[in-house]
>>> print(open('start06.csv').read())   # CSV, C-alpha atoms
chain,number,residue,atom,x,y,z
A,201,PRO,CA,30.2,-69.4,-30.3
A,202,SER,CA,28.0,-69.1,-27.2
A,203,ALA,CA,24.9,-67.0,-27.1
A,204,ASP,CA,26.9,-64.4,-25.2
A,205,ASP,CA,29.5,-64.2,-27.9
A,206,LEU,CA,26.8,-63.8,-30.5
A,207,ALA,CA,25.1,-61.2,-28.5
A,208,ASP,CA,28.3,-59.3,-28.2
A,209,GLU,CA,28.9,-59.6,-32.0
A,210,MET,CA,25.4,-58.3,-32.7
A,211,GLU,CA,25.9,-55.4,-30.4
A,212,ASP,CA,29.1,-54.5,-32.2
A,213,VAL,CA,27.4,-54.7,-35.6
A,214,ASP,CA,24.4,-52.5,-34.5
A,215,PHE,CA,26.6,-49.8,-33.1
A,216,ASP,CA,28.9,-49.8,-36.1
A,217,GLU,CA,26.0,-49.5,-38.5
A,218,GLU,CA,24.5,-46.7,-36.5
A,219,GLY,CA,27.8,-44.8,-36.6
A,220,VAL,CA,28.6,-45.3,-40.2
A,221,GLU,CA,25.5,-45.4,-42.4
A,222,GLU,CA,23.1,-42.7,-43.3
A,223,PRO,CA,24.8,-39.6,-41.9
A,224,ASP,CA,21.8,-37.6,-43.1
A,225,ALA,CA,19.2,-39.9,-41.8
A,226,GLU,CA,16.0,-38.1,-40.8
A,227,ALA,CA,15.5,-36.9,-37.3
A,228,TRP,CA,12.8,-39.3,-36.4
A,229,GLU,CA,15.0,-42.3,-37.3
A,230,THR,CA,17.7,-40.9,-34.9
A,231,GLU,CA,15.1,-40.7,-32.2
A,232,ASP,CA,14.1,-44.3,-32.9
A,233,ASP,CA,17.7,-45.4,-32.6
A,234,GLU,CA,18.0,-43.5,-29.3
A,235,GLY,CA,15.0,-45.4,-28.1
A,236,VAL,CA,16.7,-48.7,-28.9
A,237,GLU,CA,19.9,-47.7,-27.1
A,238,ASP,CA,17.9,-46.6,-24.1
A,239,GLY,CA,16.1,-49.9,-24.2
A,240,MET,CA,19.4,-51.7,-24.1
A,241,GLU,CA,20.6,-49.6,-21.2
A,242,ALA,CA,17.3,-50.3,-19.4
A,243,GLN,CA,18.2,-54.0,-19.1
A,244,ASP,CA,17.8,-54.9,-15.5
A,245,ASP,CA,18.9,-58.3,-14.2
A,246,SER,CA,18.4,-57.4,-10.5
A,247,GLU,CA,15.9,-59.0,-8.2
A,248,VAL,CA,15.6,-56.1,-5.7
A,249,THR,CA,16.3,-52.4,-6.0
A,250,PHE,CA,16.8,-50.3,-2.8
A,251,SER,CA,16.1,-46.7,-3.6
A,252,LEU,CA,16.0,-44.7,-0.4
A,253,HIS,CA,19.3,-42.9,-1.1
A,254,SER,CA,19.0,-39.6,-2.9
A,255,ALA,CA,22.6,-39.4,-4.2
A,256,SER,CA,25.5,-41.7,-5.1
A,257,VAL,CA,25.7,-44.8,-2.9
A,258,PHE,CA,29.3,-45.3,-1.9
A,259,CYS,CA,29.5,-48.5,0.2
A,260,VAL,CA,27.8,-51.7,1.0
A,261,SER,CA,28.3,-54.6,3.4
A,262,LEU,CA,26.4,-57.7,4.2
A,263,ASP,CA,25.9,-59.0,7.8
A,264,PRO,CA,28.3,-61.9,8.1
A,265,LYS,CA,26.2,-64.1,10.3
A,266,THR,CA,23.0,-64.5,8.2
A,267,ASN,CA,23.7,-62.6,5.0
A,268,THR,CA,20.1,-61.3,5.2
A,269,LEU,CA,20.9,-57.6,5.9
A,270,ALA,CA,22.8,-55.0,4.0
A,271,VAL,CA,24.1,-51.7,5.1
A,272,THR,CA,24.6,-48.9,2.6
A,273,GLY,CA,26.1,-45.4,2.9
A,274,GLY,CA,25.9,-42.6,0.5
A,275,GLU,CA,26.7,-39.1,-0.6
A,276,ASP,CA,23.3,-38.0,0.8
A,277,ASP,CA,24.9,-38.2,4.3
A,278,LYS,CA,22.7,-41.2,5.0
A,279,ALA,CA,23.2,-44.9,5.9
A,280,PHE,CA,20.5,-47.5,5.9
A,281,VAL,CA,20.2,-51.1,7.2
A,282,TRP,CA,17.8,-53.1,5.0
A,283,HIS,CA,16.6,-56.6,4.1
A,284,VAL,CA,18.3,-58.1,1.1
A,285,SER,CA,15.3,-60.3,0.4
A,286,ASP,CA,12.8,-57.4,-0.4
A,287,GLY,CA,14.7,-54.1,0.1
A,288,GLU,CA,12.6,-53.3,3.1
A,289,LEU,CA,14.2,-50.8,5.5
A,290,LEU,CA,15.1,-52.1,9.0
A,291,PHE,CA,16.4,-48.8,10.3
A,292,GLU,CA,18.2,-45.6,9.3
A,293,CYS,CA,21.7,-44.9,10.8
A,294,SER,CA,20.9,-41.2,11.3
A,295,GLY,CA,23.0,-38.2,12.4
A,296,HIS,CA,25.8,-38.1,9.8
A,297,LYS,CA,26.6,-34.7,8.4
A,298,ASP,CA,28.9,-35.8,5.5
A,299,SER,CA,29.0,-38.5,2.9
A,300,VAL,CA,28.9,-42.0,4.4
A,301,THR,CA,31.9,-43.7,2.8
A,302,CYS,CA,32.4,-46.7,5.2
A,303,ALA,CA,29.8,-49.1,6.7
A,304,GLY,CA,30.1,-52.6,8.0
A,305,PHE,CA,28.8,-55.2,10.4
A,306,SER,CA,30.8,-56.8,13.3
A,307,HIS,CA,31.9,-60.4,12.8
A,308,ASP,CA,28.8,-61.7,14.6
A,309,SER,CA,26.3,-59.2,13.1
A,310,VAL,CA,25.6,-57.8,16.6
A,311,PHE,CA,26.8,-54.3,15.7
A,312,VAL,CA,26.8,-52.2,12.5
A,313,ALA,CA,29.3,-49.3,12.1
A,314,THR,CA,28.9,-46.3,9.8
A,315,GLY,CA,31.6,-43.7,9.1
A,316,ASP,CA,31.4,-40.4,7.2
A,317,MET,CA,34.2,-38.5,5.3
A,318,SER,CA,34.5,-35.9,8.1
A,319,GLY,CA,35.4,-38.7,10.5
A,320,LEU,CA,32.3,-39.2,12.5
A,321,ILE,CA,31.9,-42.9,13.3
A,322,LYS,CA,28.8,-44.4,14.8
A,323,VAL,CA,28.0,-47.9,16.0
A,324,TRP,CA,24.5,-49.3,16.3
A,325,ARG,CA,23.2,-52.4,18.0
A,326,VAL,CA,21.3,-54.2,15.2
A,327,GLU,CA,18.7,-55.9,17.3
A,328,SER,CA,17.6,-52.8,19.2
A,329,LYS,CA,18.4,-50.4,16.3
A,330,GLU,CA,20.0,-48.1,18.9
A,331,GLU,CA,23.2,-46.1,18.6
A,332,VAL,CA,25.6,-47.4,21.3
A,333,TRP,CA,28.8,-45.5,20.5
A,334,SER,CA,30.1,-42.6,18.4
A,335,PHE,CA,33.5,-40.9,18.0
A,336,GLU,CA,35.0,-38.2,15.9
A,337,VAL,CA,38.4,-38.6,14.2
A,338,GLY,CA,40.1,-36.7,11.4
A,339,ASP,CA,39.0,-37.2,7.8
A,340,LEU,CA,38.2,-40.9,7.5
A,341,GLU,CA,39.9,-43.0,4.8
A,342,TRP,CA,38.8,-46.5,5.7
A,343,MET,CA,37.2,-48.6,8.5
A,344,GLU,CA,37.2,-52.3,9.3
A,345,TRP,CA,35.8,-54.6,12.0
A,346,HIS,CA,38.1,-57.1,13.7
A,347,PRO,CA,37.4,-60.7,12.4
A,348,GLN,CA,36.9,-62.2,15.9
A,349,ALA,CA,36.1,-59.4,18.4
A,350,HIS,CA,34.0,-56.2,18.9
A,351,VAL,CA,36.9,-54.1,17.9
A,352,LEU,CA,36.9,-51.4,15.2
A,353,LEU,CA,39.9,-50.2,13.2
A,354,ALA,CA,40.0,-47.0,11.1
A,355,GLY,CA,42.6,-45.0,9.2
A,356,THR,CA,42.6,-41.2,8.8
A,357,ALA,CA,44.0,-38.5,6.6
A,358,ASP,CA,46.5,-37.4,9.3
A,359,GLY,CA,48.3,-40.8,9.0
A,360,ASN,CA,46.9,-42.3,12.2
A,361,SER,CA,45.1,-45.6,12.6
A,362,TRP,CA,42.7,-45.9,15.4
A,363,MET,CA,41.5,-49.0,17.3
A,364,TRP,CA,38.5,-49.0,19.6
A,365,LYS,CA,36.8,-51.6,21.8
A,366,ILE,CA,33.0,-51.4,21.2
A,367,PRO,CA,30.9,-50.3,23.0
A,368,SER,CA,33.4,-49.3,25.8
A,369,GLY,CA,35.4,-47.1,23.5
A,370,ASP,CA,38.8,-48.0,24.9
A,371,CYS,CA,41.1,-46.6,22.3
A,372,LYS,CA,44.6,-47.1,20.9
A,373,THR,CA,46.3,-45.2,18.1
A,374,PHE,CA,49.0,-46.3,15.7
A,375,GLN,CA,51.0,-43.3,14.4
A,376,GLY,CA,51.9,-43.5,10.7
A,377,PRO,CA,53.9,-41.0,8.6
A,378,ALA,CA,52.4,-37.5,8.3
A,379,CYS,CA,50.3,-38.4,5.3
A,380,PRO,CA,46.9,-40.3,4.9
A,381,ALA,CA,46.6,-43.9,5.9
A,382,THR,CA,44.9,-44.8,2.6
A,383,CYS,CA,44.0,-48.5,3.2
A,384,GLY,CA,44.2,-51.1,5.9
A,385,ARG,CA,43.3,-54.6,6.7
A,386,ILE,CA,43.3,-56.7,10.0
A,387,LEU,CA,45.2,-60.0,9.3
A,388,PRO,CA,43.3,-63.2,9.9
A,389,ASP,CA,45.2,-63.9,13.1
A,390,GLY,CA,43.5,-60.9,14.6
A,391,LYS,CA,46.8,-59.8,16.2
A,392,ARG,CA,48.3,-57.7,13.3
A,393,ALA,CA,47.1,-55.2,10.8
A,394,VAL,CA,48.6,-54.0,7.6
A,395,VAL,CA,48.2,-50.3,6.7
A,396,GLY,CA,49.2,-48.6,3.5
A,397,TYR,CA,50.0,-44.9,3.2
A,398,GLU,CA,49.9,-42.1,0.7
A,399,ASP,CA,53.7,-41.8,0.6
A,400,GLY,CA,54.0,-45.4,-0.8
A,401,THR,CA,55.0,-47.0,2.5
A,402,MET,CA,53.3,-50.0,4.2
A,403,ARG,CA,53.4,-51.0,7.8
A,404,ILE,CA,52.5,-54.2,9.6
A,405,TRP,CA,51.3,-53.3,13.1
A,406,ASP,CA,51.2,-55.4,16.3
A,407,LEU,CA,47.7,-54.5,17.5
A,408,LYS,CA,48.3,-55.6,21.2
A,409,GLN,CA,51.7,-53.8,21.6
A,410,GLY,CA,50.9,-50.9,19.4
A,411,THR,CA,54.2,-51.2,17.7
A,412,SER,CA,55.2,-51.5,14.1
A,413,LEU,CA,56.6,-54.9,13.2
A,414,HIS,CA,57.7,-54.2,9.6
A,415,VAL,CA,58.0,-51.1,7.5
A,416,LEU,CA,58.2,-51.3,3.7
A,417,LYS,CA,59.6,-48.1,2.2
A,418,GLY,CA,62.0,-46.9,-0.5
A,419,GLN,CA,62.6,-49.7,-3.0
A,420,ASP,CA,60.5,-52.1,-0.9
A,421,GLY,CA,57.6,-49.7,-0.8
A,422,HIS,CA,55.6,-48.2,-3.7
A,423,GLN,CA,56.5,-45.1,-5.7
A,424,ASP,CA,53.0,-43.7,-5.3
A,425,PRO,CA,50.1,-43.9,-2.8
A,426,LEU,CA,48.7,-47.3,-1.9
A,427,THR,CA,45.2,-47.9,-2.9
A,428,CYS,CA,44.4,-51.4,-1.5
A,429,VAL,CA,45.8,-54.2,0.6
A,430,ALA,CA,44.7,-57.8,1.0
A,431,SER,CA,45.9,-61.0,2.7
A,432,ASN,CA,45.5,-64.6,1.9
A,433,GLN,CA,43.3,-66.9,4.0
A,434,ASP,CA,46.0,-67.8,6.6
A,435,GLY,CA,47.6,-64.3,6.6
A,436,SER,CA,51.0,-65.5,5.5
A,437,LEU,CA,50.9,-63.4,2.4
A,438,ILE,CA,49.9,-59.8,1.9
A,439,MET,CA,49.4,-58.0,-1.4
A,440,THR,CA,49.5,-54.3,-1.8
A,441,GLY,CA,48.3,-52.2,-4.8
A,442,SER,CA,49.2,-48.7,-5.7
A,443,VAL,CA,48.7,-45.8,-8.1
A,444,ASP,CA,52.2,-46.8,-9.5
A,445,CYS,CA,50.5,-49.8,-11.2
A,446,HIS,CA,52.5,-52.3,-9.2
A,447,ALA,CA,51.1,-55.1,-6.9
A,448,LYS,CA,53.6,-56.4,-4.4
A,449,LEU,CA,53.5,-59.8,-2.7
A,450,VAL,CA,54.9,-59.6,0.8
A,451,ASN,CA,55.7,-62.3,3.4
A,452,SER,CA,53.8,-61.1,6.5
A,453,ALA,CA,56.1,-62.9,8.9
A,454,THR,CA,59.4,-61.4,7.6
A,455,GLY,CA,58.1,-58.2,6.0
A,456,LYS,CA,60.1,-59.1,2.8
A,457,VAL,CA,58.8,-58.5,-0.7
A,458,VAL,CA,58.4,-61.9,-2.4
A,459,CYS,CA,57.7,-60.5,-5.8
A,460,VAL,CA,56.4,-57.5,-7.7
A,461,PHE,CA,53.6,-57.9,-10.3
A,462,LYS,CA,54.0,-55.1,-12.9
A,463,MET,CA,51.5,-54.5,-15.6
A,464,GLU,CA,53.7,-54.9,-18.6
A,465,ASN,CA,52.9,-54.0,-22.3
A,466,MET,CA,50.0,-51.8,-21.5
A,467,ALA,CA,48.2,-50.6,-24.5
A,468,PRO,CA,50.0,-47.5,-25.8
A,469,LYS,CA,48.3,-44.4,-24.5
A,470,ALA,CA,47.2,-41.8,-27.0
A,471,PRO,CA,49.0,-38.6,-26.3
A,472,ALA,CA,46.8,-36.1,-24.5
A,473,SER,CA,45.5,-33.3,-26.6
A,474,GLU,CA,45.3,-29.7,-25.4
A,475,GLY,CA,43.4,-29.4,-22.1
A,476,GLU,CA,43.1,-33.2,-21.8
A,477,GLU,CA,44.8,-35.2,-19.2
A,478,ALA,CA,46.8,-38.3,-20.2
A,479,GLU,CA,44.9,-41.4,-19.3
A,480,SER,CA,46.1,-42.7,-16.0
A,481,ASN,CA,46.2,-46.2,-14.7
A,482,SER,CA,46.4,-47.7,-11.2
A,483,VAL,CA,45.7,-50.8,-9.2
A,484,GLU,CA,42.2,-50.4,-7.8
A,485,SER,CA,41.5,-53.7,-6.1
A,486,LEU,CA,43.1,-57.0,-5.4
A,487,GLY,CA,42.5,-60.3,-3.6
A,488,PHE,CA,43.6,-63.9,-3.1
A,489,CYS,CA,41.8,-67.0,-4.2
A,490,ASN,CA,41.0,-69.4,-1.3
A,491,VAL,CA,41.1,-72.7,-3.2
A,492,MET,CA,44.0,-72.2,-5.6
A,493,PRO,CA,47.3,-70.3,-5.4
A,494,LEU,CA,45.9,-67.4,-7.5
A,495,ALA,CA,45.6,-63.7,-7.0
A,496,ALA,CA,43.6,-61.2,-8.9
A,497,VAL,CA,44.5,-57.5,-9.5
A,498,GLY,CA,42.0,-55.0,-11.0
A,499,TYR,CA,43.3,-51.9,-12.8
A,500,LEU,CA,41.7,-48.6,-13.6
A,501,ASP,CA,42.3,-49.2,-17.4
A,502,GLY,CA,39.9,-52.2,-17.2
A,503,THR,CA,42.5,-55.0,-17.0
A,504,LEU,CA,41.7,-57.9,-14.7
A,505,ALA,CA,45.0,-59.8,-14.2
A,506,ILE,CA,45.1,-63.3,-12.7
A,507,TYR,CA,48.5,-64.2,-11.3
A,508,ASP,CA,49.8,-67.6,-10.5
A,509,LEU,CA,51.4,-67.4,-7.1
A,510,SER,CA,53.4,-70.6,-7.4
A,511,THR,CA,55.2,-69.5,-10.5
A,512,GLN,CA,54.8,-65.7,-9.8
A,513,SER,CA,53.6,-65.2,-13.4
A,514,LEU,CA,50.6,-63.7,-15.2
A,515,ARG,CA,48.1,-66.4,-16.0
A,516,HIS,CA,45.2,-64.5,-17.6
A,517,LYS,CA,44.4,-61.0,-18.7
A,518,CYS,CA,40.6,-60.3,-18.8
A,519,GLN,CA,39.8,-57.0,-20.5
A,520,HIS,CA,36.9,-54.7,-19.5
A,521,GLU,CA,35.7,-51.8,-21.6
A,522,SER,CA,36.0,-49.5,-18.6
A,523,GLY,CA,37.8,-49.3,-15.3
A,524,ILE,CA,37.5,-51.9,-12.6
A,525,VAL,CA,36.3,-50.4,-9.3
A,526,GLN,CA,36.5,-53.5,-7.1
A,527,LEU,CA,36.9,-57.3,-7.3
A,528,LEU,CA,36.0,-60.1,-4.9
A,529,TRP,CA,36.7,-63.8,-5.0
A,530,GLU,CA,34.0,-66.4,-4.3
A,531,GLU,CA,34.7,-67.9,-0.9
A,532,SER,CA,35.1,-71.5,-2.1
A,533,SER,CA,35.9,-71.5,-5.8
A,534,ALA,CA,38.2,-70.0,-8.4
A,535,VAL,CA,35.5,-67.5,-9.5
A,536,VAL,CA,36.3,-63.8,-9.3
A,537,TYR,CA,33.7,-61.0,-9.5
A,538,THR,CA,34.4,-57.5,-10.8
A,539,CYS,CA,32.3,-54.4,-10.9
A,540,SER,CA,33.2,-51.6,-13.2
A,541,LEU,CA,32.6,-48.0,-14.3
A,542,ASP,CA,30.2,-49.3,-17.0
A,543,GLY,CA,27.7,-50.4,-14.4
A,544,ALA,CA,28.0,-54.1,-14.9
A,545,VAL,CA,29.0,-57.0,-12.5
A,546,ARG,CA,31.0,-59.8,-14.2
A,547,LEU,CA,31.9,-63.3,-13.0
A,548,TRP,CA,35.2,-64.7,-14.3
A,549,ASP,CA,36.6,-68.2,-14.2
A,550,ALA,CA,40.1,-67.6,-13.0
A,551,ARG,CA,41.3,-71.1,-14.3
A,552,SER,CA,40.3,-70.4,-17.9
A,553,GLY,CA,40.3,-66.6,-17.8
A,554,LYS,CA,36.8,-66.7,-19.4
A,555,MET,CA,33.8,-64.6,-18.4
A,556,ILE,CA,31.1,-66.8,-16.9
A,557,SER,CA,28.3,-64.2,-16.8
A,558,GLU,CA,27.4,-60.5,-16.7
A,559,TYR,CA,24.7,-58.7,-14.8
A,560,ARG,CA,23.4,-55.2,-15.6
A,561,GLY,CA,20.8,-52.9,-14.1
A,562,HIS,CA,22.5,-49.8,-13.0
A,563,SER,CA,22.5,-46.6,-15.2
A,564,ALA,CA,25.8,-45.4,-13.7
A,565,GLU,CA,29.1,-46.7,-12.5
A,566,ILE,CA,29.1,-49.3,-9.7
A,567,LEU,CA,30.9,-48.0,-6.7
A,568,ASP,CA,31.0,-51.0,-4.3
A,569,PHE,CA,29.6,-54.5,-4.1
A,570,ALA,CA,29.4,-57.5,-1.7
A,571,VAL,CA,28.9,-61.2,-2.4
A,572,ASN,CA,27.2,-63.4,0.2
A,573,LYS,CA,28.8,-66.6,1.6
A,574,ASP,CA,27.3,-69.2,-0.7
A,575,ALA,CA,27.8,-66.9,-3.7
A,576,SER,CA,24.2,-66.8,-4.6
A,577,ILE,CA,23.6,-63.1,-4.5
A,578,VAL,CA,25.6,-59.9,-5.2
A,579,VAL,CA,24.6,-56.5,-3.7
A,580,THR,CA,25.8,-53.5,-5.6
A,581,THR,CA,25.8,-49.7,-5.0
A,582,SER,CA,26.0,-47.1,-7.7
A,583,GLY,CA,26.2,-43.5,-8.8
A,584,ASP,CA,22.6,-43.8,-9.9
A,585,HIS,CA,21.5,-43.5,-6.3
A,586,GLN,CA,20.5,-47.1,-6.1
A,587,ALA,CA,21.6,-50.4,-4.5
A,588,LYS,CA,20.6,-53.6,-6.2
A,589,VAL,CA,20.5,-57.3,-5.4
A,590,PHE,CA,21.4,-59.8,-8.2
A,591,CYS,CA,20.8,-63.5,-8.0
A,592,VAL,CA,23.9,-65.2,-9.4
A,593,GLN,CA,23.3,-68.8,-8.4
A,594,ARG,CA,24.0,-71.2,-11.3
A,595,PRO,CA,23.1,-74.8,-11.2
A,596,ASP,CA,26.4,-75.9,-12.8
A,597,ARG,CA,28.6,-74.2,-10.2
>>> encode(input="start06.csv", output="structure tokens")
Amino acid sequence: PSADDLADEMEDVDFDEEGVEEPDAEAWETEDDEGVEDGMEAQDDSEVTFSLHSASVFCVSLDPKTNTLAVTGGEDDKAFVWHVSDGELLFECSGHKDSVTCAGFSHDSVFVATGDMSGLIKVWRVESKEEVWSFEVGDLEWMEWHPQAHVLLAGTADGNSWMWKIPSGDCKTFQGPACPATCGRILPDGKRAVVGYEDGTMRIWDLKQGTSLHVLKGQDGHQDPLTCVASNQDGSLIMTGSVDCHAKLVNSATGKVVCVFKMENMAPKAPASEGEEAESNSVESLGFCNVMPLAAVGYLDGTLAIYDLSTQSLRHKCQHESGIVQLLWEESSAVVYTCSLDGAVRLWDARSGKMISEYRGHSAEILDFAVNKDASIVVTTSGDHQAKVFCVQRPDR
């Protein structure tokens, strides 16, 4: 067994003994034990901690060009742009009056956009640290920069998706159903976007014409709200995830569902006792591998499922103790990263289904994370009011 396995076993043993033996142990012993537990929780594998936020930190993005800057947004109505190397603040994106839930850099790192829950979106020129544009929409659900142009796309609770040229502010809207546009993604060709809605439908939009190319609804759509969408590297395949626990693979050219990945034989749920809700499950995050025909789906019950696209079958199930919040693939390998409600980042080898490594340092759940291009660092944000930078470079990878 590896050192990790042994460590896991030892952890199990410790906890079991604590729970079982000496029910009437003296108070000071219990305090001691608590100390040990706290000591374990205090394990911090991070290199840098950014702690200017005063509440939960909801989102993080890295600047695509140099990967040296991060932008984080939080429940304290604040967003900051800071240096990943040492956590030094570059500038504050001021003026938000609600939780900042979306933040990201343009494809060339010239601009950074921040969006709050109430729908106020601001764009800053990174070099001059000056605000160059702002706009107010309805309650904001998601926001994304165009992969090749200074164009920003956002989805709102009224079902609309908005597209602006930055900094001119030229605007187009794409009218969805009268329910929130819960997730969206611009496809790699830069000409189309896929948007998922709360009513279980999905639309592929032509960004130039402003028209809907394909609508998936009814049997083709989901039974519950969509939570996430992703596309593969050439944009030929789209995957959608939903509260209904299904992930659908869709051909983006035809709008046809290629296959549905259902999470079968879930662990039987314990019946909810009085006043308790039954445990729920949903797809929380998904993504395609760039180097092999694999896709990963992360579930709220802690399952990471690796699917083989060529055979449309489940290849591996990697179990987490607690729910997966987000997953990301390394750009040029079959390694998938997960962050979860237990505050840890884990790296998984999608070929073997084995965990490669685990990084801790947060004292609360991780809410978002980003991986840099050469997969040497991970930047995380958490309910513990902090953002952290972890070095994950390993010589053998």
>>> closest_atom_pairs(input="start06.csv", of="range 395-427 of chain A", to="range 359-367 of chain A", cutoff="10 Å", atoms="all atoms listed in the file", output="Markdown table")
| residue | atom | partner | partner_atom | distance |
| --- | --- | --- | --- | --- |
| A:Val395 | CA | A:Ser361 | CA | 8.2 |
| A:Gly396 | CA | A:Gly359 | CA | 9.6 |
| A:Tyr397 | CA | A:Gly359 | CA | 7.3 |
| A:Glu398 | CA | A:Gly359 | CA | 8.6 |
| A:Trp405 | CA | A:Ser361 | CA | 9.9 |
| A:Leu407 | CA | A:Met363 | CA | 8.3 |
| A:Gly410 | CA | A:Met363 | CA | 9.8 |
>>> atom_distance(input="start06.csv", atom1="CA of Ser576 in chain A", atom2="CA of Val545 in chain A")
13.5 Å
>>> closest_residue(input="start06.csv", among="A:Trp324, A:Phe305, A:Trp342, A:Trp548", to="Val429 in chain A", atoms="all atoms listed in the file")
A:Trp342
>>> residues_around(input="start06.csv", residues="Arg392 in chain A", least_positions_apart="6", cutoff="10 Å", atoms="all atoms listed in the file", output="PyMOL selection string")
chain A and resi 385-386+404-413+435+452
>>> residues_around(input="start06.csv", residues="Lys278 in chain A", least_positions_apart="6", cutoff="7 Å", atoms="all atoms listed in the file", output="number ranges by chain")
A: 293-294, 296, 300
>>> build_atoms(input="start06.csv", residues="range 508-524 of chain A", atoms="N, CA and C atoms", output="compact mmCIF listing (two decimals), keeping the file's coordinate frame")
# COMPACT_ATOMS: atom_id res chain seq x y z
N ASP A 508 49.50 -66.32 -11.09
CA ASP A 508 49.80 -67.60 -10.50
C ASP A 508 50.83 -67.42 -9.42
N LEU A 509 50.49 -67.65 -8.16
CA LEU A 509 51.40 -67.40 -7.10
C LEU A 509 52.58 -68.37 -7.03
N SER A 510 52.31 -69.62 -7.45
CA SER A 510 53.40 -70.60 -7.40
C SER A 510 54.48 -70.35 -8.36
N THR A 511 54.12 -69.81 -9.53
CA THR A 511 55.20 -69.50 -10.50
C THR A 511 55.42 -67.98 -10.61
N GLN A 512 54.65 -67.20 -9.84
CA GLN A 512 54.80 -65.70 -9.80
C GLN A 512 54.66 -65.14 -11.22
N SER A 513 53.71 -65.69 -11.99
CA SER A 513 53.60 -65.20 -13.40
C SER A 513 52.13 -64.88 -13.69
N LEU A 514 51.97 -64.09 -14.75
CA LEU A 514 50.60 -63.70 -15.20
C LEU A 514 49.98 -64.90 -15.86
N ARG A 515 48.78 -65.26 -15.40
CA ARG A 515 48.10 -66.40 -16.00
C ARG A 515 47.05 -65.99 -17.00
N HIS A 516 46.28 -64.98 -16.68
CA HIS A 516 45.20 -64.50 -17.60
C HIS A 516 45.11 -62.99 -17.52
N LYS A 517 44.75 -62.40 -18.65
CA LYS A 517 44.40 -61.00 -18.70
C LYS A 517 42.96 -60.91 -19.20
N CYS A 518 42.04 -60.41 -18.39
CA CYS A 518 40.60 -60.30 -18.80
C CYS A 518 40.33 -58.82 -18.98
N GLN A 519 39.95 -58.43 -20.18
CA GLN A 519 39.80 -57.00 -20.50
C GLN A 519 38.38 -56.53 -20.29
N HIS A 520 38.22 -55.42 -19.61
CA HIS A 520 36.90 -54.70 -19.50
C HIS A 520 36.98 -53.49 -20.33
N GLU A 521 35.81 -53.06 -20.78
CA GLU A 521 35.70 -51.80 -21.60
C GLU A 521 36.10 -50.60 -20.74
N SER A 522 35.77 -50.66 -19.45
CA SER A 522 36.00 -49.50 -18.60
C SER A 522 36.63 -49.94 -17.29
N GLY A 523 37.04 -48.96 -16.47
CA GLY A 523 37.80 -49.30 -15.30
C GLY A 523 37.17 -50.18 -14.29
N ILE A 524 37.98 -51.00 -13.63
CA ILE A 524 37.50 -51.90 -12.60
C ILE A 524 37.50 -51.10 -11.26
